[in-house]
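See below for entry.txt, which holds compact mmCIF, C-alpha atoms.
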# COMPACT_ATOMS: atom_id res chain seq x y z
CA MET M 1 48.03 37.90 -11.17
CA THR M 2 45.97 37.77 -7.98
CA PRO M 3 45.05 41.20 -6.61
CA VAL M 4 47.05 41.92 -3.44
CA ARG M 5 43.98 42.83 -1.46
CA ILE M 6 42.43 39.43 -2.11
CA SER M 7 45.62 37.72 -0.97
CA ILE M 8 45.68 39.77 2.23
CA ALA M 9 42.00 39.18 2.96
CA ALA M 10 42.32 35.45 2.28
CA ALA M 11 45.43 35.18 4.45
CA ILE M 12 43.68 36.98 7.32
CA GLY M 13 40.67 34.69 6.93
CA SER M 14 42.86 31.57 7.00
CA ILE M 15 44.79 32.76 10.04
CA LEU M 16 41.51 33.54 11.83
CA LEU M 17 40.25 30.05 11.03
CA ILE M 18 43.43 28.45 12.39
CA LEU M 19 43.31 30.59 15.54
CA ILE M 20 39.65 29.83 16.19
CA VAL M 21 40.24 26.09 15.74
CA LEU M 22 43.25 26.19 18.07
CA GLU M 23 41.26 28.12 20.66
CA LEU M 24 38.40 25.60 20.44
CA ILE M 25 40.86 22.75 21.01
CA ARG M 26 42.46 24.58 23.91
CA GLY M 27 39.05 25.12 25.52
CA ARG M 28 38.24 21.41 24.95
CA ARG M 29 35.24 22.37 22.85
CA LEU M 30 36.62 20.59 19.81
CA LYS M 31 38.25 17.18 19.83
CA GLU M 32 41.59 16.97 18.08
CA ARG M 33 40.40 14.28 15.69
CA TYR M 34 37.69 16.56 14.36
CA ALA M 35 39.98 19.58 14.36
CA LEU M 36 42.65 18.05 12.10
CA LEU M 37 40.72 18.55 8.88
CA TRP M 38 39.87 22.13 9.83
CA LEU M 39 43.51 22.88 10.62
CA ALA M 40 44.55 21.38 7.31
CA THR M 41 41.96 23.59 5.60
CA GLY M 42 43.34 26.69 7.31
CA VAL M 43 46.95 25.85 6.54
CA VAL M 44 46.37 25.07 2.86
CA LEU M 45 44.30 28.22 2.36
CA LEU M 46 46.94 30.27 4.15
CA VAL M 47 49.68 28.86 1.95
CA LEU M 48 47.66 29.45 -1.21
CA SER M 49 46.83 33.03 -0.26
CA ALA M 50 50.32 34.01 0.89
CA TRP M 51 52.28 32.25 -1.84
CA ARG M 52 50.93 34.29 -4.73
CA GLY M 53 53.25 32.91 -7.36
CA GLY M 54 52.24 29.38 -6.42
CA LEU M 55 48.55 30.20 -6.76
CA ASN M 56 49.20 31.56 -10.26
CA THR M 57 51.19 28.48 -11.24
CA ILE M 58 48.47 26.10 -10.03
CA ALA M 59 45.86 28.19 -11.82
CA GLY M 60 48.00 27.86 -14.96
CA TRP M 61 48.16 24.05 -14.60
CA LEU M 62 44.42 23.81 -14.28
CA GLY M 63 43.79 26.17 -17.18
CA VAL M 64 42.32 28.91 -15.01
CA SER M 65 43.72 31.88 -16.89
CA GLY M 66 41.46 34.81 -16.04
CA TYR M 67 41.13 34.75 -12.28
CA PRO M 68 43.66 32.81 -10.17
CA PRO M 69 41.80 33.37 -6.83
CA ALA M 70 39.18 30.94 -8.15
CA ILE M 71 41.71 28.29 -7.07
CA LEU M 72 41.30 29.53 -3.50
CA PHE M 73 37.56 28.96 -3.68
CA ALA M 74 38.03 25.58 -5.28
CA ALA M 75 40.44 24.51 -2.53
CA ALA M 76 38.12 25.81 0.18
CA ILE M 77 35.13 23.99 -1.28
CA MET M 78 37.10 20.76 -1.58
CA PHE M 79 38.05 20.89 2.06
CA VAL M 80 34.53 21.74 3.16
CA ILE M 81 33.28 18.71 1.23
CA ALA M 82 35.93 16.57 2.93
CA VAL M 83 34.88 17.87 6.35
CA LEU M 84 31.20 17.23 5.63
CA LEU M 85 31.90 13.73 4.40
CA HIS M 86 33.89 13.07 7.53
CA TYR M 87 30.97 14.34 9.60
CA SER M 88 28.61 11.98 7.80
CA THR M 89 30.77 9.04 8.83
CA VAL M 90 30.96 10.32 12.38
CA LEU M 91 27.19 10.80 12.41
CA SER M 92 26.62 7.28 11.14
CA LYS M 93 28.78 5.84 13.87
CA LEU M 94 27.05 7.95 16.52
CA THR M 95 23.68 6.73 15.24
CA ASP M 96 24.80 3.12 15.53
CA ASP M 97 26.22 3.68 19.00
CA ASN M 98 23.06 5.45 20.02
CA VAL M 99 20.88 2.56 18.91
CA LEU M 100 23.12 0.13 20.76
CA LEU M 101 22.91 2.19 23.93
CA ALA M 102 19.13 2.56 23.71
CA GLN M 103 18.77 -1.20 23.26
CA GLU M 104 21.11 -1.89 26.13
CA VAL M 105 19.24 0.53 28.39
CA ALA M 106 15.90 -1.03 27.49
CA LEU M 107 17.18 -4.57 28.12
CA LEU M 108 18.77 -3.58 31.41
CA ARG M 109 15.63 -1.80 32.51
CA ALA M 110 13.58 -4.90 31.79
CA ARG M 111 15.93 -6.89 34.00
CA VAL M 112 15.83 -4.30 36.76
CA ASP M 113 12.02 -4.29 36.63
CA ALA M 114 12.04 -8.06 36.86
CA LEU M 115 14.37 -7.96 39.84
CA GLU M 116 12.41 -5.34 41.69
CA THR M 117 8.82 -6.17 41.04
CA ARG M 118 8.17 -9.57 39.57
CA PRO M 119 9.89 -12.56 41.14
CA ASP M 120 7.73 -14.85 38.96
CA SER M 121 8.84 -13.11 35.75
CA PRO M 122 10.40 -15.26 33.03
CA VAL M 123 13.23 -12.76 32.69
CA ARG M 124 16.46 -14.37 33.80
CA VAL M 125 18.46 -11.81 35.64
CA GLY M 126 21.79 -13.59 35.71
CA ARG M 127 22.33 -13.95 31.98
CA GLY M 128 23.59 -10.69 30.65
CA ARG M 129 27.07 -11.79 29.75
CA GLU M 130 26.45 -12.79 26.14
CA ALA M 131 24.79 -9.50 25.38
CA SER M 132 27.56 -7.40 26.82
CA GLN M 133 30.16 -9.46 24.99
CA LEU M 134 28.16 -8.81 21.90
CA ALA M 135 28.19 -5.09 22.50
CA GLN M 136 31.90 -5.21 23.09
CA GLN M 137 32.59 -7.04 19.84
CA ASP M 138 30.45 -4.52 18.03
CA HIS M 139 32.58 -1.81 19.44
CA GLU M 140 35.87 -3.27 18.29
CA MET F 1 13.92 -30.42 19.64
CA SER F 2 11.82 -28.62 22.13
CA GLY F 3 13.28 -25.76 24.03
CA ARG F 4 12.35 -22.47 25.50
CA ILE F 5 10.52 -20.33 23.00
CA VAL F 6 10.14 -16.58 23.07
CA ALA F 7 7.77 -14.55 20.95
CA VAL F 8 9.25 -11.20 19.93
CA VAL F 9 6.61 -8.59 19.23
CA PRO F 10 7.72 -5.12 18.15
CA ALA F 11 5.07 -2.49 18.80
CA PHE F 12 4.81 1.22 18.18
CA ASP F 13 1.62 2.95 19.32
CA GLU F 14 -0.42 -0.26 19.30
CA GLU F 15 -2.29 0.30 22.56
CA GLU F 16 -5.50 -1.22 21.17
CA ALA F 17 -4.04 -4.18 19.29
CA ILE F 18 -1.18 -5.30 21.51
CA GLY F 19 -3.28 -6.81 24.32
CA PRO F 20 -5.12 -9.26 22.06
CA VAL F 21 -1.86 -10.12 20.26
CA VAL F 22 -0.16 -11.08 23.52
CA THR F 23 -3.22 -12.92 24.77
CA GLY F 24 -3.50 -14.73 21.44
CA ILE F 25 0.07 -16.02 21.66
CA ARG F 26 -0.34 -17.11 25.24
CA GLU F 27 -3.57 -18.90 24.40
CA PHE F 28 -1.89 -20.66 21.52
CA ASP F 29 0.85 -21.95 23.80
CA PRO F 30 1.19 -20.85 27.43
CA GLY F 31 4.77 -22.14 27.34
CA ILE F 32 5.86 -19.36 25.00
CA ASP F 33 7.18 -16.29 26.78
CA VAL F 34 6.13 -13.09 25.08
CA VAL F 35 8.42 -10.09 24.94
CA VAL F 36 6.95 -6.89 23.58
CA VAL F 37 9.50 -4.36 22.40
CA ASP F 38 7.84 -1.02 22.88
CA ASP F 39 9.53 1.24 20.35
CA GLY F 40 9.10 4.52 22.18
CA SER F 41 5.31 4.55 21.95
CA GLY F 42 3.49 7.63 23.14
CA ASP F 43 0.38 5.74 24.16
CA GLY F 44 -0.31 2.94 26.64
CA THR F 45 1.29 0.17 24.57
CA ALA F 46 3.73 -0.89 27.29
CA LYS F 47 1.04 -0.97 29.97
CA ALA F 48 -1.42 -2.90 27.81
CA ALA F 49 1.28 -5.44 26.89
CA ALA F 50 2.34 -5.93 30.50
CA ALA F 51 -1.28 -6.28 31.58
CA ALA F 52 -1.74 -9.05 29.03
CA GLY F 53 1.22 -10.90 30.53
CA ALA F 54 4.15 -9.94 28.31
CA VAL F 55 7.62 -8.97 29.37
CA VAL F 56 7.99 -5.41 28.13
CA VAL F 57 11.28 -4.03 26.90
CA SER F 58 10.75 -0.32 26.48
CA LEU F 59 13.11 1.56 24.21
CA PRO F 60 13.75 5.05 25.56
CA PHE F 61 12.87 6.61 22.19
CA ASN F 62 11.70 5.46 18.79
CA LEU F 63 14.43 3.50 17.01
CA GLY F 64 12.44 2.20 14.07
CA ILE F 65 11.25 -1.30 13.33
CA GLY F 66 14.65 -2.88 12.57
CA ALA F 67 16.32 -1.85 15.80
CA ALA F 68 13.18 -2.72 17.77
CA VAL F 69 13.11 -6.24 16.37
CA GLN F 70 16.83 -6.58 16.96
CA THR F 71 16.28 -5.62 20.59
CA GLY F 72 13.91 -8.55 20.84
CA PHE F 73 16.47 -10.92 19.33
CA ARG F 74 19.13 -9.62 21.69
CA TYR F 75 16.75 -10.33 24.52
CA ALA F 76 16.21 -13.84 23.20
CA LEU F 77 19.95 -14.44 22.92
CA GLU F 78 20.75 -12.96 26.29
CA GLN F 79 18.00 -14.94 28.00
CA GLY F 80 19.16 -18.17 26.46
CA TYR F 81 16.08 -19.02 24.43
CA ASP F 82 16.41 -21.86 21.93
CA LEU F 83 13.80 -20.58 19.51
CA ALA F 84 12.26 -17.24 18.77
CA VAL F 85 9.18 -16.35 16.81
CA ARG F 86 8.45 -12.89 15.60
CA LEU F 87 4.98 -11.45 15.19
CA ASP F 88 3.88 -7.92 14.44
CA GLY F 89 2.21 -5.93 17.17
CA ASP F 90 -0.77 -4.94 15.04
CA GLY F 91 -2.42 -8.33 15.07
CA GLN F 92 -1.96 -9.23 11.40
CA HIS F 93 -0.17 -12.48 12.26
CA ASP F 94 -2.33 -15.26 13.60
CA PRO F 95 -0.65 -17.17 16.45
CA ALA F 96 -2.47 -20.32 15.32
CA GLU F 97 -0.12 -20.34 12.29
CA LEU F 98 2.91 -20.64 14.58
CA THR F 99 2.60 -24.41 14.43
CA LYS F 100 3.53 -24.27 10.73
CA LEU F 101 6.48 -21.99 11.41
CA LEU F 102 7.88 -24.02 14.28
CA ALA F 103 7.52 -27.48 12.76
CA PRO F 104 10.43 -27.22 10.26
CA LEU F 105 12.70 -25.87 13.03
CA ALA F 106 11.81 -28.82 15.22
CA ARG F 107 12.77 -31.16 12.38
CA ASP F 108 15.94 -29.11 11.85
CA GLU F 109 15.04 -28.50 8.22
CA ALA F 110 15.72 -24.79 8.42
CA ASP F 111 17.26 -22.12 10.58
CA VAL F 112 14.65 -19.53 9.75
CA VAL F 113 11.07 -20.16 8.71
CA THR F 114 9.12 -17.29 7.21
CA GLY F 115 5.38 -17.14 6.83
CA SER F 116 4.76 -16.15 3.23
CA ARG F 117 1.54 -14.62 1.99
CA PHE F 118 2.33 -15.60 -1.57
CA HIS F 119 3.74 -19.06 -1.28
CA GLY F 120 1.67 -21.96 -2.50
CA GLU F 121 -1.97 -21.68 -3.46
CA ASN F 122 -2.95 -19.12 -0.96
CA GLY F 123 -3.49 -15.90 -2.80
CA SER F 124 -6.15 -14.20 -0.78
CA TYR F 125 -3.85 -11.41 0.33
CA ARG F 126 -4.07 -8.40 -2.01
CA PRO F 127 -1.96 -5.48 -0.86
CA PRO F 128 -2.34 -2.07 -2.53
CA LEU F 129 -0.62 -1.66 -5.91
CA GLY F 130 2.47 0.25 -4.73
CA ARG F 131 3.12 -2.21 -2.00
CA ARG F 132 2.54 -5.15 -4.32
CA LEU F 133 5.03 -3.79 -6.84
CA GLY F 134 7.61 -3.36 -4.11
CA ILE F 135 7.03 -6.83 -2.76
CA THR F 136 7.37 -8.35 -6.25
CA TRP F 137 10.50 -6.35 -7.02
CA PHE F 138 12.21 -7.45 -3.84
CA ALA F 139 11.07 -11.03 -4.18
CA LYS F 140 12.69 -11.21 -7.63
CA LEU F 141 15.80 -9.33 -6.59
CA VAL F 142 16.37 -11.32 -3.42
CA SER F 143 15.68 -14.62 -5.19
CA LEU F 144 18.36 -13.67 -7.69
CA LEU F 145 20.91 -12.52 -5.13
CA ALA F 146 20.26 -15.42 -2.80
CA ARG F 147 19.98 -18.05 -5.55
CA GLN F 148 16.92 -19.41 -3.83
CA ARG F 149 13.29 -18.72 -4.64
CA VAL F 150 11.86 -16.33 -2.09
CA THR F 151 8.26 -15.21 -2.49
CA ASP F 152 7.69 -12.88 0.43
CA THR F 153 10.68 -10.84 1.52
CA THR F 154 8.67 -8.35 3.54
CA SER F 155 6.97 -10.74 5.88
CA GLY F 156 7.62 -10.09 9.54
CA PHE F 157 6.18 -13.43 10.56
CA GLN F 158 9.17 -15.65 11.33
CA ALA F 159 10.52 -18.39 13.50
CA LEU F 160 14.26 -18.65 14.19
CA ASN F 161 16.59 -21.10 15.84
CA ARG F 162 19.54 -20.20 18.00
CA PRO F 163 22.15 -19.57 15.26
CA ALA F 164 19.70 -17.27 13.48
CA ILE F 165 18.88 -15.46 16.71
CA ALA F 166 22.60 -14.97 17.30
CA LEU F 167 23.07 -13.55 13.80
CA PHE F 168 20.17 -11.12 14.01
CA ALA F 169 21.04 -10.08 17.57
CA ARG F 170 24.39 -9.03 16.23
CA ASP F 171 23.51 -7.61 12.86
CA TYR F 172 20.07 -6.54 11.78
CA PRO F 173 19.16 -3.93 9.15
CA SER F 174 17.18 -0.81 9.99
CA ASP F 175 14.12 0.34 8.00
CA TYR F 176 12.04 -2.21 6.17
CA PRO F 177 14.51 -4.76 7.52
CA GLU F 178 13.04 -8.06 6.37
CA VAL F 179 14.35 -7.74 2.82
CA GLU F 180 17.95 -7.16 3.78
CA ALA F 181 17.68 -9.64 6.62
CA THR F 182 16.73 -12.34 4.13
CA VAL F 183 19.88 -11.76 2.10
CA LEU F 184 21.94 -11.45 5.27
CA LEU F 185 20.92 -14.82 6.60
CA LEU F 186 21.40 -16.58 3.28
CA LYS F 187 24.82 -14.98 3.04
CA HIS F 188 25.65 -16.52 6.39
CA ARG F 189 24.55 -19.88 5.00
CA LEU F 190 21.56 -20.17 7.26
CA ARG F 191 18.74 -22.17 5.75
CA LEU F 192 15.58 -20.26 4.96
CA LEU F 193 12.25 -21.95 4.43
CA GLU F 194 8.97 -20.32 3.49
CA VAL F 195 5.64 -21.73 4.51
CA PRO F 196 2.30 -20.42 3.28
CA VAL F 197 0.30 -18.52 5.86
CA GLU F 198 -2.81 -16.37 5.93
CA MET F 199 -2.48 -12.91 7.32
CA ARG F 200 -5.31 -10.94 8.79
CA GLU F 201 -6.25 -7.41 7.91
CA ARG F 202 -4.92 -4.86 10.34
CA GLU F 203 -7.18 -4.63 13.35
CA THR F 204 -6.47 -1.02 14.22
CA GLY F 205 -4.35 1.83 12.97
CA SER F 206 -3.02 2.14 9.45
CA SER F 207 0.04 0.68 7.79
CA SER F 208 3.02 2.92 8.32
CA ILE F 209 3.99 2.63 4.66
CA THR F 210 2.54 5.21 2.26
CA PHE F 211 3.24 5.29 -1.46
CA LEU F 212 6.01 7.90 -1.51
CA ARG F 213 7.63 6.32 1.49
CA SER F 214 7.52 2.92 -0.18
CA LEU F 215 9.29 4.41 -3.17
CA TYR F 216 11.93 5.93 -0.91
CA TYR F 217 12.35 2.64 0.94
CA ALA F 218 12.44 0.69 -2.31
CA VAL F 219 15.40 2.75 -3.53
CA LYS F 220 17.12 2.76 -0.17
CA VAL F 221 16.71 -0.95 0.44
CA THR F 222 17.83 -1.81 -3.11
CA LEU F 223 20.98 0.20 -2.50
CA ALA F 224 21.43 -1.47 0.87
CA LEU F 225 21.04 -4.90 -0.73
CA PHE F 226 23.90 -4.32 -3.12
CA VAL F 227 26.03 -2.75 -0.41
CA GLY F 228 25.18 -5.73 1.79
CA ILE F 229 26.39 -8.15 -0.87
CA ALA F 230 29.67 -6.29 -1.19
CA ARG F 231 30.16 -5.77 2.50
CA ARG F 232 32.48 -7.83 4.63
CA SER F 233 30.12 -9.83 6.75
CA ALA F 234 30.00 -9.86 10.50
CA VAL F 235 30.06 -13.54 11.31
CA PRO F 236 28.43 -14.29 14.63
CA THR F 237 30.70 -16.02 17.06
CA GLU F 238 28.65 -18.96 18.22
CA GLU F 239 27.45 -22.18 16.65
CA THR F 240 26.71 -20.91 13.18
CA HIS F 241 29.11 -22.95 11.13
CA ARG F 242 27.76 -26.03 9.54
Spit out the file's structure as structure tokens when you get a sec.
Amino acid sequence: MTPVRISIAAAIGSILLILIVLELIRGRRLKERYALLWLATGVVLLVLSAWRGGLNTIAGWLGVSGYPPAILFAAAIMFVIAVLLHYSTVLSKLTDDNVLLAQEVALLRARVDALETRPDSPVRVGRGREASQLAQQDHE
Amino acid sequence: MSGRIVAVVPAFDEEEAIGPVVTGIREFDPGIDVVVVDDGSGDGTAKAAAAAGAVVVSLPFNLGIGAAVQTGFRYALEQGYDLAVRLDGDGQHDPAELTKLLAPLARDEADVVTGSRFHGENGSYRPPLGRRLGITWFAKLVSLLARQRVTDTTSGFQALNRPAIALFARDYPSDYPEVEATVLLLKHRLRLLEVPVEMRERETGSSSITFLRSLYYAVKVTLALFVGIARRSAVPTEETHR
């Protein structure tokens, strides 16, 4: 059976996590879409730490006989991996968006330069439509 | 077919080499507009390119070769060019060879023409061992995946028609992009043709590819190739279906 003190400590930790996440959302420092996984982490850990019988049963299923709180760690690690993986996808998208923006800025700046300084420049200033359509399709 | 042609020249810290490259293209054919994509250089690349008569598109920070080249293709698409040629900013591609690259496009025999260092009898180019291994590996792999013999998948010396410009403006790989780009364009049923060309030794600076990096890129690009094959393709919207 899980020691009571571990259950209490884990429950307090989970509640703290949930409260911090909620506070970050409230202060608009964390977007809801990124907070969902963290909230799920907090809730699952809270359930596992408070519902002591359940933790033992799950430990039994998985063949963890000596130390049921190991299931708490396992669950926490699983969620952290999920959060990190999610971040990697977010990061990849941000990288792509960033490249697109940098390209767009550079192309626009070339057109502005052409408009302002070089009337004889081969840059056509009236033809940006295709590029912005392109960017839009990329975004969809 | 003769239309407006743009030369896309990606350059990163090529202050010394870029001027002669631009001048060389303009001497070859004054009708070709030159756009230098300055990939966040810290030196006077942009200034030197502009002084030589190029349009300079300056990226606000370094994006890497793939995104820089793509910027050039986006410029070509946006500005309504019919053909684009791509040359490296370090002077290793001789503008005089452009005739060979452009001729098949004019006869509509291909959508993309690549200058190959290994095609045909010309074997004067001897890259260092690591690089040569990588080039051979990708040549074999791409030939297999594309079901077409490709001898030089890392050559950045290319000429493209409008459908190919549209494809690459929309979707272009990042590091060491030529390999993936080759598969990408064959996947979109664009016709690739290789013509033998000579390439010059680098005039200044050193190649950005060291041995460990080539190994890293080799693994990464191989992975990307297989992912690319499996990936749902982004079909460009205009005039690509034949």
Residue neighbourhood Leu85 in chain M, 12 Å, all atoms listed in the file, exclusion window fewer than 6 positions, as a PyMOL selection string: chain M and resi 34+37+78-79+91-92
Pick out the residues sitting within 10 Å of Ala35 in chain M, and hand them over as a ChimeraX atom specification; count only C-alpha atoms, and ignore anything fewer than 4 positions along from it in its own chain. /M:18,21-22,24-25,30-31,39-41,83
Distance cut-off 12 Å, counting all atoms listed in the file - which residues of chain F neighbour chain M? Return them as a ChimeraX atom specification. /F:4-6,31-40,46,50,53-81,166-174,234-238
Rounded to one decimal in Å, what is the spacing between CA of Pro3 in chain M and CA of Leu36 in chain M?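 Here the two named atoms are 29.9 Å from each other.
Neighbouring residues of Gly54 in chain M at 12 Å or closer, counting all atoms listed in the file and skipping chain neighbours under 4 positions away, are Met1, Thr2, Ser7, Val44, Leu45, Leu46, Val47, Leu48, Ser49, Ala50, Ile58, Ala59, Gly60, Trp61, Pro68, Pro69, Ile71 and Leu72 of chain M.
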What is the distance between CA of Leu141 in chain F and CA of Leu186 in chain F, in Å to one decimal?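 Straight-line distance from CA of Leu141 in chain F to CA of Leu186 in chain F works out to 13.5 Å.
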Separation of CA of Val219 in chain F and CA of Thr154 in chain F, in Å? 14.8 Å
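Among the candidates F:Leu212, F:Ile135, F:Leu102, F:Leu192, the residue lying nearest to Val179 in chain F is F:Ile135 (atoms considered: all atoms listed in the file).
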Gly134 in chain F environment, 9 Å, only C-alpha atoms, sequence neighbours closer than 3 positions dropped, as a ChimeraX atom specification: /F:129-131,137-139,214-215,218
Which residues are close to Arg86 in chain F, i.e. within 9 Å by only C-alpha atoms, leaving aside same-chain residues fewer than 6 positions away? Reply as a PyMOL selection string. chain F and resi 6-10+69+72+156-160
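Closest approach to Ile20 in chain M from the set M:Trp38, M:Phe73, M:Tyr87, M:Tyr67 is made by M:Trp38, with distances taken over all atoms listed in the file.
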Find, counting all atoms listed in the file, the residue in F:Ile18, F:Thr23, F:Asp111, F:Ser116 that gets nearest to Glu198 in chain F.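 Closest to Glu198 in chain F, using all atoms listed in the file: F:Ser116.
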Residue nearest Gly3 in chain F among F:Glu180, F:Glu27, F:Asp108, F:Asp82 (counting only C-alpha atoms):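 Counting only C-alpha atoms, the residue closest to Gly3 in chain F is F:Asp82.
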